[in-house]
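entry.txt follows; it contains compact mmCIF, C-alpha atoms.
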# COMPACT_ATOMS: atom_id res chain seq x y z
CA MET A 1 13.53 56.45 7.23
CA ILE A 2 12.01 56.77 3.77
CA LYS A 3 8.66 57.98 5.12
CA ASP A 4 10.46 61.07 6.46
CA PHE A 5 12.14 62.02 3.18
CA LYS A 6 11.35 65.54 1.98
CA ALA A 7 12.29 67.40 -1.18
CA GLY A 8 15.61 69.22 -0.94
CA ILE A 9 17.29 67.12 1.75
CA LYS A 10 20.36 64.92 1.49
CA VAL A 11 19.97 61.35 2.74
CA CYS A 12 22.31 58.54 3.68
CA GLN A 13 20.97 55.24 5.00
CA ALA A 14 20.74 51.51 4.36
CA VAL A 15 18.07 50.74 1.75
CA LEU A 16 16.86 47.87 -0.37
CA VAL A 17 17.39 48.63 -4.05
CA ARG A 18 15.11 47.23 -6.75
CA VAL A 19 16.27 48.09 -10.28
CA GLN A 20 13.49 48.47 -12.84
CA LYS A 21 15.32 49.83 -15.88
CA VAL A 22 18.85 50.61 -17.07
CA GLY A 23 19.27 52.54 -20.31
CA ASN A 24 20.77 55.42 -22.26
CA SER A 25 19.68 59.01 -21.70
CA SER A 26 19.00 61.54 -24.48
CA ASN A 27 22.30 63.35 -23.85
CA GLY A 28 24.35 60.24 -24.51
CA GLY A 29 24.80 59.25 -20.90
CA VAL A 30 23.39 56.29 -18.98
CA PHE A 31 20.78 55.99 -16.26
CA ALA A 32 19.22 53.47 -13.91
CA ARG A 33 15.89 53.81 -12.15
CA GLY A 34 13.82 51.75 -9.76
CA MET A 35 12.64 51.75 -6.16
CA LEU A 36 14.28 52.13 -2.74
CA GLU A 37 12.62 50.49 0.24
CA ASP A 38 12.82 50.21 4.00
CA ASN A 39 10.36 49.26 6.73
CA SER A 40 8.64 52.64 6.50
CA GLY A 41 7.90 52.73 2.78
CA ARG A 42 9.31 52.99 -0.71
CA ILE A 43 10.44 55.78 -3.02
CA ALA A 44 11.55 55.99 -6.65
CA PHE A 45 15.22 56.53 -7.47
CA ILE A 46 17.22 57.56 -10.50
CA CYS A 47 20.96 57.40 -10.99
CA PHE A 48 23.12 59.02 -13.71
CA ASP A 49 26.57 58.15 -12.38
CA ALA A 50 28.09 55.76 -14.95
CA VAL A 51 30.07 53.78 -12.38
CA LEU A 52 27.03 53.31 -10.15
CA VAL A 53 24.79 52.49 -13.12
CA ASP A 54 27.18 49.69 -14.09
CA LYS A 55 26.98 48.40 -10.52
CA LEU A 56 23.19 48.48 -10.62
CA ARG A 57 23.16 46.81 -14.04
CA GLU A 58 24.84 43.73 -12.56
CA LEU A 59 22.29 43.14 -9.81
CA GLU A 60 20.33 39.89 -10.09
CA GLY A 61 17.61 40.88 -7.63
CA PRO A 62 16.74 43.22 -4.72
CA THR A 63 19.97 44.14 -2.96
CA ALA A 64 20.76 46.10 0.20
CA PHE A 65 23.22 49.01 0.02
CA MET A 66 24.29 52.05 2.00
CA MET A 67 22.85 54.74 -0.24
CA GLY A 68 23.49 58.48 -0.39
CA GLY A 69 21.80 61.09 -2.53
CA ASN A 70 19.42 64.02 -2.85
CA VAL A 71 15.64 63.92 -2.54
CA ASP A 72 13.93 65.79 -5.35
CA ILE A 73 10.61 66.10 -7.17
CA ASN A 74 10.19 63.31 -9.71
CA LYS A 75 10.08 65.29 -12.95
CA PHE A 76 8.86 62.27 -14.92
CA ASN A 77 5.56 62.15 -13.01
CA ASN A 78 2.81 64.71 -12.95
CA ASP A 79 1.72 64.05 -9.36
CA MET A 80 4.69 65.79 -7.65
CA THR A 81 5.93 62.55 -6.08
CA LEU A 82 9.46 62.37 -4.73
CA GLN A 83 12.50 60.53 -5.96
CA VAL A 84 16.08 60.08 -4.80
CA VAL A 85 18.93 61.01 -7.13
CA ILE A 86 21.54 58.46 -6.09
CA GLN A 87 25.10 59.75 -5.80
CA ARG A 88 26.63 57.07 -3.58
CA LEU A 89 26.09 53.34 -3.36
CA GLU A 90 28.29 51.21 -1.13
CA ASN A 91 28.16 47.60 0.04
CA LEU A 92 26.96 47.15 3.60
CA LEU A 93 29.51 46.63 6.35
CA PRO A 94 29.00 44.36 9.40
CA GLN A 95 28.65 47.41 11.65
CA ASP A 96 25.94 49.06 9.52
CA ASP A 97 22.46 49.22 11.04
CA ILE A 98 20.10 47.23 8.79
CA SER A 99 17.25 46.76 11.27
CA ASN A 100 15.09 49.01 9.06
CA LEU A 101 15.30 46.56 6.17
CA LEU A 102 13.46 43.55 7.57
CA PRO A 103 9.73 44.32 7.75
CA HIS A 104 7.83 43.04 10.78
CA GLY A 105 4.09 42.52 10.97
CA ASP A 106 1.96 44.24 13.58
CA PHE A 107 0.70 41.08 15.31
CA ASP A 108 1.45 38.87 18.31
CA VAL A 109 3.65 36.07 16.97
CA GLU A 110 3.37 33.95 20.11
CA ALA A 111 -0.41 34.17 20.06
CA TYR A 112 -0.42 32.98 16.45
CA LYS A 113 1.88 30.07 17.31
CA THR A 114 -0.69 29.05 19.94
CA LYS A 115 -3.51 29.33 17.40
CA LEU A 116 -1.55 27.12 15.01
CA ALA A 117 -1.06 24.48 17.70
CA ASN A 118 -4.75 24.59 18.62
CA TYR A 119 -5.87 24.12 15.01
CA ILE A 120 -3.62 21.08 14.68
CA LYS A 121 -5.06 19.63 17.90
CA ALA A 122 -8.58 20.20 16.57
CA VAL A 123 -7.99 17.75 13.70
CA ARG A 124 -9.53 14.40 14.70
CA THR A 125 -8.70 12.31 11.64
CA PRO A 126 -5.61 10.37 12.83
CA GLY A 127 -3.68 10.37 9.55
CA LEU A 128 -4.20 14.08 8.94
CA ARG A 129 -3.32 14.95 12.53
CA MET A 130 -0.05 12.99 12.31
CA LEU A 131 0.71 14.59 8.96
CA LEU A 132 0.29 18.10 10.37
CA GLU A 133 2.36 17.30 13.48
CA THR A 134 5.13 15.88 11.28
CA ILE A 135 5.27 18.82 8.88
CA PHE A 136 4.95 21.53 11.52
CA SER A 137 8.01 20.43 13.48
CA GLY A 138 11.76 21.00 13.59
CA ALA A 139 13.40 23.23 10.99
CA THR A 140 10.22 23.37 8.88
CA TYR A 141 8.27 24.82 11.80
CA GLU A 142 11.00 27.40 12.54
CA ARG A 143 11.01 28.58 8.95
CA PHE A 144 7.20 28.59 8.80
CA VAL A 145 6.86 30.96 11.77
CA THR A 146 9.58 33.28 10.41
CA ASN A 147 9.03 33.43 6.64
CA PRO A 148 7.04 36.09 4.82
CA ALA A 149 4.03 34.99 2.78
CA GLY A 150 5.23 36.98 -0.22
CA MET A 151 7.98 39.18 -1.56
CA ARG A 152 5.72 42.21 -1.96
CA MET A 153 2.06 41.43 -2.65
CA HIS A 154 0.63 40.36 0.72
CA HIS A 155 1.92 39.57 4.22
CA ALA A 156 5.40 40.54 3.00
CA TYR A 157 7.03 40.71 6.43
CA LEU A 158 8.69 38.39 8.92
CA GLY A 159 6.09 35.99 10.29
CA GLY A 160 3.69 36.85 7.48
CA LEU A 161 3.33 33.22 6.43
CA LEU A 162 2.30 32.20 9.95
CA GLN A 163 -0.22 35.03 10.26
CA HIS A 164 -1.68 34.48 6.79
CA SER A 165 -2.01 30.70 7.15
CA VAL A 166 -3.61 30.88 10.59
CA ASP A 167 -6.03 33.63 9.55
CA VAL A 168 -6.97 31.75 6.37
CA THR A 169 -7.70 28.72 8.55
CA GLY A 170 -9.94 30.78 10.82
CA LEU A 171 -11.89 32.13 7.85
CA ALA A 172 -12.12 28.71 6.23
CA VAL A 173 -13.41 27.07 9.43
CA ALA A 174 -16.01 29.82 9.84
CA LEU A 175 -17.18 29.28 6.26
CA ALA A 176 -17.24 25.49 6.64
CA GLU A 177 -19.38 25.71 9.75
CA GLN A 178 -22.01 27.63 7.77
CA ILE A 179 -22.08 25.19 4.86
CA GLU A 180 -24.02 21.94 4.88
CA GLY A 181 -22.03 18.82 4.15
CA VAL A 182 -19.26 19.00 6.74
CA VAL A 183 -19.59 15.29 7.43
CA ILE A 184 -17.58 12.07 7.36
CA THR A 185 -16.49 11.23 3.81
CA ALA A 186 -16.43 7.77 2.28
CA LEU A 187 -12.76 7.47 3.19
CA GLY A 188 -13.41 8.27 6.82
CA ILE A 189 -11.96 11.78 6.63
CA LYS A 190 -13.87 14.56 8.30
CA ARG A 191 -14.45 17.37 5.82
CA LYS A 192 -13.76 20.00 8.47
CA ASP A 193 -10.42 18.32 9.15
CA LEU A 194 -9.65 18.58 5.45
CA VAL A 195 -10.45 22.29 5.55
CA ILE A 196 -8.13 22.88 8.52
CA ALA A 197 -5.30 20.81 7.07
CA GLY A 198 -5.67 22.36 3.61
CA ALA A 199 -5.76 25.91 4.98
CA LEU A 200 -2.73 25.42 7.24
CA LEU A 201 -0.71 23.77 4.47
CA HIS A 202 -1.85 25.70 1.39
CA ASP A 203 1.27 27.91 1.33
CA ILE A 204 3.75 25.67 3.18
CA GLY A 205 5.91 25.49 0.04
CA LYS A 206 6.70 29.18 0.45
CA ILE A 207 9.31 28.32 3.06
CA ARG A 208 11.29 26.87 0.13
CA GLU A 209 10.14 29.36 -2.50
CA ILE A 210 10.91 32.64 -0.68
CA SER A 211 13.91 33.43 1.50
CA ALA A 212 13.57 35.35 4.77
CA GLU A 213 16.77 37.27 3.93
CA ILE A 214 16.78 40.99 3.15
CA GLY A 215 14.47 41.68 0.22
CA PHE A 216 12.74 38.30 0.58
CA PRO A 217 14.26 37.03 -2.70
CA TYR A 218 12.95 33.97 -4.50
CA THR A 219 15.13 30.87 -4.27
CA SER A 220 16.30 29.02 -7.39
CA GLU A 221 14.08 26.11 -6.36
CA GLY A 222 11.18 28.49 -5.93
CA ARG A 223 11.62 29.98 -9.39
CA LEU A 224 11.85 26.54 -10.99
CA LEU A 225 9.01 24.79 -9.16
CA GLY A 226 6.80 27.36 -7.40
CA HIS A 227 5.23 27.08 -3.96
CA ILE A 228 2.10 25.20 -5.07
CA THR A 229 4.16 22.34 -6.47
CA MET A 230 6.49 22.33 -3.48
CA SER A 231 3.60 22.33 -1.00
CA CYS A 232 2.26 19.17 -2.61
CA MET A 233 5.74 17.62 -2.63
CA MET A 234 6.25 18.36 1.07
CA VAL A 235 2.94 16.70 1.94
CA GLN A 236 3.87 13.69 -0.18
CA GLU A 237 7.29 13.41 1.51
CA ALA A 238 5.81 13.60 5.01
CA ALA A 239 3.08 11.09 4.13
CA ALA A 240 5.68 8.64 2.82
CA LYS A 241 7.51 8.76 6.16
CA LEU A 242 4.23 8.02 7.93
CA ARG A 243 3.28 5.37 5.36
CA LEU A 244 -0.08 6.99 4.75
CA PRO A 245 -1.85 5.58 1.68
CA SER A 246 -1.93 7.99 -1.28
CA SER A 247 -5.72 7.60 -1.53
CA ARG A 248 -6.02 9.40 1.81
CA LEU A 249 -4.07 12.37 0.45
CA GLU A 250 -5.81 13.08 -2.83
CA GLN A 251 -8.47 15.42 -1.45
CA LEU A 252 -5.93 17.31 0.67
CA GLN A 253 -3.53 17.65 -2.25
CA HIS A 254 -6.38 18.88 -4.44
CA ILE A 255 -6.94 21.75 -1.98
CA LEU A 256 -3.27 22.71 -2.18
CA LEU A 257 -3.08 22.42 -5.97
CA SER A 258 -6.27 24.42 -6.57
CA HIS A 259 -6.05 27.10 -3.88
CA HIS A 260 -5.52 29.90 -6.43
CA GLY A 261 -8.93 28.97 -7.81
CA ASP A 262 -8.34 28.56 -11.53
CA ASN A 263 -5.64 27.63 -14.03
CA GLU A 264 -5.45 31.26 -15.18
CA LYS A 265 -4.42 32.30 -11.66
CA GLY A 266 -1.63 29.74 -11.43
CA SER A 267 -3.35 26.67 -10.03
CA PRO A 268 -2.48 23.40 -11.84
CA VAL A 269 -6.12 22.34 -11.35
CA ALA A 270 -9.29 24.30 -10.70
CA CYS A 271 -11.30 23.89 -7.48
CA SER A 272 -13.55 20.82 -7.68
CA THR A 273 -14.60 20.14 -4.07
CA ARG A 274 -16.42 22.09 -1.40
CA GLU A 275 -13.33 22.11 0.79
CA ALA A 276 -11.14 23.42 -2.04
CA PHE A 277 -13.54 26.30 -2.76
CA VAL A 278 -13.72 27.17 0.95
CA VAL A 279 -9.93 27.36 1.31
CA HIS A 280 -9.56 29.25 -1.98
CA TYR A 281 -11.99 31.99 -1.02
CA ALA A 282 -10.62 32.22 2.52
CA ASP A 283 -7.12 32.63 1.07
CA GLU A 284 -8.26 35.27 -1.40
CA ILE A 285 -10.20 37.41 1.08
CA ASN A 286 -7.35 37.32 3.60
CA ALA A 287 -4.82 38.46 0.98
CA VAL A 288 -7.17 41.27 -0.09
CA MET A 289 -7.87 42.45 3.47
CA ASN A 290 -4.13 42.60 4.17
CA GLN A 291 -3.88 45.36 1.54
CA PHE A 292 -5.81 47.68 3.86
CA ASP A 293 -3.28 47.11 6.66
CA VAL A 294 -0.08 47.71 4.68
CA HIS A 295 0.02 51.20 3.19
CA ASP A 296 2.07 54.40 3.42
CA GLY A 297 -0.56 56.28 5.43
CA LYS A 298 -0.05 59.49 3.44
CA SER A 299 -3.67 59.78 2.30
CA ALA A 300 -7.06 58.18 2.81
CA TRP A 301 -7.09 56.81 -0.75
CA GLU A 302 -4.18 54.85 -2.17
CA PHE A 303 -3.57 52.98 -5.42
CA ASN A 304 -3.04 49.29 -4.68
CA ARG A 305 -0.93 47.38 -7.21
CA MET A 306 -2.21 43.94 -6.24
CA LEU A 307 -5.85 44.96 -6.65
CA GLY A 308 -5.25 47.34 -9.54
CA ARG A 309 -7.45 50.08 -8.08
CA ASN A 310 -7.61 52.86 -5.51
CA ILE A 311 -8.72 51.68 -2.08
CA LEU A 312 -9.89 53.63 0.97
CA VAL A 313 -7.28 52.80 3.61
CA ASP A 314 -8.08 55.25 6.40
CA LYS A 315 -9.32 53.72 9.63
CA LEU A 316 -12.64 55.05 10.89
Structure re-expressed in structure tokens:
Amino acid sequence: MIKDFKAGIKVCQAVLVRVQKVGNSSNGGVFARGMLEDNSGRIAFICFDAVLVDKLRELEGPTAFMMGGNVDINKFNNDMTLQVVIQRLENLLPQDDISNLLPHGDFDVEAYKTKLANYIKAVRTPGLRMLLETIFSGATYERFVTNPAGMRMHHAYLGGLLQHSVDVTGLAVALAEQIEGVVITALGIKRKDLVIAGALLHDIGKIREISAEIGFPYTSEGRLLGHITMSCMMVQEAAAKLRLPSSRLEQLQHILLSHHGDNEKGSPVACSTREAFVVHYADEINAVMNQFDVHDGKSAWEFNRMLGRNILVDKL
């Protein structure tokens, strides 16, 4: 496991390879560098073997290999971090153990499935309830409870989408219950029902944007459309089957389209309703809090790429 790597040892194991740069070295040779990952952590790599560099140059995304090499001090950094000098890179065989390459979250999946079902049952607006029951069924449900919520940034493990969506719903409901105005709207939709439906569905498009395969690669559809667009499309498709009028969907779709908060953060529209703001902030705080749960555990302070700062990750 990568977390056990120490300077001076030889290693050979299945890893996920992410190439960051391929270029020419000062002595006229070639090199490739990037990151190696498994369930336990990640470590920088460098490779000078021309044949292997050509192989790495052709990769279109994160790829799993059986890797062999030496662990050494990374001479390009001043903090004495480690790197692997890759000397062997072979395609995985059916008999190779790759169980260390699919990250799992530290949570009770069955308990979260029950929470999901209970939130759906709590929705009293008939159209919204039917919409949720339709979307969270069959193959869509199976992918929802398996998929990660991201490739790397937050909840990037099997079942992460389920955990994130349910926890965002819990936070959003708690916020809504403290805010005046959770009443029946002019269209007969309960605002709290909108909050639940919006929170549960805000990232549903990620089942089509991100694959649950090794490395959690983005799909072609995901790269072209993005999960926000696809979430809205999935709601529209389900509503059409149920023959729900589009006027009943506008406020729900607004929550999905604005859940990143602002245009600058990737939302097609900025939050304009109480329910949209509630779901946005619940989503944001849950993603941030997840950063304190996923770390290498090597020190109390750790630089977090998503937040762009050092955070105190030790547990008191």
* Residues at most 12 Å from A:Ile2, counting all atoms listed in the file, excluding those fewer than 3 positions away in the same chain, as number ranges by chain? -> A: 5-7, 9-16, 35-45, 67, 71, 82-84, 100-101, 296
* Name all residues at most 12 Å from A:Arg223 (count only C-alpha atoms; drop same-chain ones fewer than 4 positions away) and give them as a ChimeraX atom specification. => /A:205-206,208-211,217-219,227-230
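In this structure, atom CA of A:Glu221 sits 21.2 Å away from atom CA of A:Asn263.
From atom CA of A:Leu132 back to atom CA of A:Ile120, the distance works out to 6.5 Å.
Nearest residue to A:Ile255, choosing from A:Met66, A:Ala270, A:Leu175, A:Leu225 and counting only C-alpha atoms: A:Ala270.
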* **Counting all atoms listed in the file, the residue of A:Lys55, A:Arg129, A:Lys113, A:His155 that sits nearest A:Ala239** => A:Arg129
* **For atom CA of A:Val166 and atom CA of A:Ile196, the interatomic separation in Å (one decimal)** => 9.4 Å
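Of the listed residues A:Pro148, A:Gly170, A:Pro126, A:Gly68, the one whose atoms come nearest to A:Leu52 is A:Gly68, with distances taken using all atoms listed in the file.
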* To do: For each of A:Glu58, A:Asp106, A:Asp283, A:Asp293, take the minimum atom-to-atom distance to A:His260, counting only C-alpha atoms, then give the residue where this is smallest.
  => A:Asp283
* Asked: Quick one: of A:Gly261, A:Gly308, A:Gly215, A:Gly222, who's nearest to A:Glu60, counting all atoms listed in the file?
  -> A:Gly215
* Structure fact -> Nearest to A:Gln291, restricted to all atoms listed in the file and choosing among A:Glu275, A:Ile46, A:Ala156, A:Gly138, comes out as A:Ala156
* To do: Neighbourhood query: residues within 10 Å of (-7.5, 50.9, 3.0), file coordinates, counting all atoms listed in the file; return as a count of residues only.
  => 20
Can you tell me, as lines of an AutoDock Vina configuration file, the centre and edge lengths (Å, one decimal) of the axis-aligned box enclosing all of stretch 157-163 of chain A's listed atoms after padding each side by 5 Å?
center_x = 4.2
center_y = 36.5
center_z = 8.4
size_x = 18.9
size_y = 18.5
size_z = 13.9
* Find the residues near A:Ser137: any atom within 12 Å, counting all atoms listed in the file, skip ones fewer than 5 places away on the same chain, and give them as a ChimeraX atom specification. => /A:116-117,120,130-132,142-145,238
* Within 10 Å of (0.8, 16.4, -7.0) (coordinates as in the file), grab all the protein and nucleic acid residues, counting only C-alpha atoms, and write them out as a PyMOL selection string. => chain A and resi 228-236+249-250+253-254+256-257+268
